[in-house]
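These notes are about the structure you will find just below.
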Amino acid sequence: MNQKASMTGIHSTIAAVALFVCAGMVSAVTLPTYYPATFRVVGTIDRLDVENGEIVISDRLFQVTGDTSVHLLTRQSSALAALSVGMTVGGDDMIDDSGRRTLIVIYELPSDFPVRGR
């Protein structure tokens, strides 16, 4: 193998390792201990209408109720009123008897949290 081919292989290996390390740094977001490891729903709040029990997260409509629990990065328990348009959130949902998707819990996420489609 000549020296040029050897250097190309080394550069390729270095680039692959750098990409792997950078990808790990992007996904290594530290969340409070009261947060779950994964979320069924992740996205950005597009619209919030507490009075009518609706929230749109990344173009998906969900119902919310007085029983929907809210957790913030700085508070373990909060209210729907603490949420705002543009906020990155995660959560868990269920489908009720009429086929509507209802969020049962919402977690505020850091603005740099990886969101698909962003």
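Scheme for the structure tokens: letters A, B, ... for chains in order shown; per-chain residue numbers from 1; ligand numbers from 1 in order shown.
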A:Thr68: which residues within 12 Å, counting only C-alpha atoms, same-chain residues fewer than 5 positions away excluded, as a PyMOL selection string? chain A and resi 50+53-55+62-63+77-81+91-94+102-107
Save the residues we just selected, N, CA and C atoms, as a JSON list (two decimals), in the first residue's frame?
```json
[["chain", "number", "residue", "atom", "x", "y", "z"],
["A", 50, "VAL", "N", -55.72, 25.91, 26.10],
["A", 50, "VAL", "CA", -56.09, 25.22, 27.33],
["A", 50, "VAL", "C", -57.61, 25.25, 27.54],
["A", 53, "GLY", "N", -59.01, 22.61, 25.58],
["A", 53, "GLY", "CA", -58.36, 21.31, 25.80],
["A", 53, "GLY", "C", -57.58, 20.78, 24.62],
["A", 54, "GLU", "N", -56.90, 21.67, 23.90],
["A", 54, "GLU", "CA", -56.13, 21.24, 22.73],
["A", 54, "GLU", "C", -54.70, 21.76, 22.78],
["A", 55, "ILE", "N", -53.80, 20.94, 22.26],
["A", 55, "ILE", "CA", -52.41, 21.34, 22.08],
["A", 55, "ILE", "C", -51.93, 20.72, 20.77],
["A", 62, "PHE", "N", -53.42, 17.08, 19.87],
["A", 62, "PHE", "CA", -53.68, 16.26, 21.04],
["A", 62, "PHE", "C", -54.70, 16.96, 21.92],
["A", 63, "GLN", "N", -55.44, 16.18, 22.69],
["A", 63, "GLN", "CA", -56.32, 16.71, 23.71],
["A", 63, "GLN", "C", -55.54, 16.80, 25.01],
["A", 77, "SER", "N", -43.57, 19.44, 39.34],
["A", 77, "SER", "CA", -45.00, 19.49, 39.08],
["A", 77, "SER", "C", -45.42, 20.91, 38.73],
["A", 78, "SER", "N", -46.18, 21.06, 37.66],
["A", 78, "SER", "CA", -46.62, 22.38, 37.23],
["A", 78, "SER", "C", -48.00, 22.24, 36.58],
["A", 79, "ALA", "N", -48.40, 23.27, 35.84],
["A", 79, "ALA", "CA", -49.72, 23.29, 35.21],
["A", 79, "ALA", "C", -49.59, 23.57, 33.72],
["A", 80, "LEU", "N", -50.64, 23.29, 32.98],
["A", 80, "LEU", "CA", -50.66, 23.56, 31.54],
["A", 80, "LEU", "C", -50.34, 25.02, 31.24],
["A", 81, "ALA", "N", -50.73, 25.91, 32.13],
["A", 81, "ALA", "CA", -50.50, 27.34, 31.93],
["A", 81, "ALA", "C", -49.01, 27.69, 31.86],
["A", 91, "GLY", "N", -43.70, 13.74, 25.87],
["A", 91, "GLY", "CA", -44.83, 13.29, 26.66],
["A", 91, "GLY", "C", -45.29, 11.90, 26.29],
["A", 92, "ASP", "N", -46.33, 11.49, 26.97],
["A", 92, "ASP", "CA", -46.97, 10.21, 26.70],
["A", 92, "ASP", "C", -48.44, 10.46, 26.43],
["A", 93, "ASP", "N", -48.97, 9.72, 25.49],
["A", 93, "ASP", "CA", -50.37, 9.90, 25.11],
["A", 93, "ASP", "C", -51.11, 8.58, 25.15],
["A", 94, "MET", "N", -52.42, 8.70, 25.04],
["A", 94, "MET", "CA", -53.29, 7.53, 24.92],
["A", 94, "MET", "C", -54.40, 7.90, 23.95],
["A", 102, "THR", "N", -54.96, 11.82, 23.51],
["A", 102, "THR", "CA", -54.93, 12.67, 24.70],
["A", 102, "THR", "C", -53.58, 12.54, 25.38],
["A", 103, "LEU", "N", -52.95, 13.67, 25.66],
["A", 103, "LEU", "CA", -51.68, 13.65, 26.40],
["A", 103, "LEU", "C", -52.00, 13.45, 27.87],
["A", 104, "ILE", "N", -51.36, 12.47, 28.48],
["A", 104, "ILE", "CA", -51.56, 12.24, 29.90],
["A", 104, "ILE", "C", -50.45, 12.88, 30.73],
["A", 105, "VAL", "N", -49.31, 13.13, 30.10],
["A", 105, "VAL", "CA", -48.19, 13.78, 30.79],
["A", 105, "VAL", "C", -47.35, 14.53, 29.76],
["A", 106, "ILE", "N", -46.88, 15.71, 30.15],
["A", 106, "ILE", "CA", -46.04, 16.56, 29.29],
["A", 106, "ILE", "C", -44.80, 16.96, 30.07],
["A", 107, "TYR", "N", -43.64, 16.86, 29.43],
["A", 107, "TYR", "CA", -42.36, 17.24, 30.03],
["A", 107, "TYR", "C", -41.72, 18.34, 29.20]]
```
Have a look at atom CA of A:Gly99 and atom CA of A:Phe113 and let me know their distance in Å, one decimal. 29.2 Å
Any idea what the distance is between atom CA of A:Asp67 and atom CA of A:Leu31? 23.1 Å
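For A:Ala37, the set of protein, DNA and RNA residues having any atom at most 12 Å away, when counting only C-alpha atoms and skipping those fewer than 2 positions along the same chain, is Ala28, Val29, Thr30, Leu31, Pro32, Thr33, Tyr34, Tyr35, Phe39, Arg40, Gly90, Gly91, Asp92 and Tyr107 of chain A.
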Selection from above, C-alpha atoms, as an mmCIF file, in the first residue's frame, can you write it?
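Final output, selection24.cif:
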```
data_model
loop_
_atom_site.group_PDB
_atom_site.id
_atom_site.type_symbol
_atom_site.label_atom_id
_atom_site.label_comp_id
_atom_site.auth_asym_id
_atom_site.auth_seq_id
_atom_site.Cartn_x
_atom_site.Cartn_y
_atom_site.Cartn_z
ATOM 1 C CA ALA A 28 -26.274 13.445 25.510
ATOM 2 C CA VAL A 29 -28.888 15.755 27.025
ATOM 3 C CA THR A 30 -29.078 15.722 30.812
ATOM 4 C CA LEU A 31 -32.653 15.687 32.087
ATOM 5 C CA PRO A 32 -33.959 15.834 35.660
ATOM 6 C CA THR A 33 -34.090 12.527 37.536
ATOM 7 C CA TYR A 34 -37.912 12.609 37.569
ATOM 8 C CA TYR A 35 -38.013 12.422 33.744
ATOM 9 C CA PHE A 39 -41.021 9.834 25.357
ATOM 10 C CA ARG A 40 -43.735 8.608 22.981
ATOM 11 C CA GLY A 90 -41.998 15.352 25.313
ATOM 12 C CA GLY A 91 -44.830 13.285 26.659
ATOM 13 C CA ASP A 92 -46.971 10.207 26.704
ATOM 14 C CA TYR A 107 -42.362 17.240 30.030
#
```
Spatial neighbours of A:Leu109, 9 Å, only C-alpha atoms, chain gap at least 3 places, as an MDAnalysis selection string: chainID A and resid 31 42 72:73 87:90 112:113
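You will find atom CA of A:Val41 at 9.6 Å from atom CA of A:Arg60.
Closest to A:Gln76 among A:Arg100, A:Glu108, A:Asp46, A:Val56 is A:Glu108, based on only C-alpha atoms.
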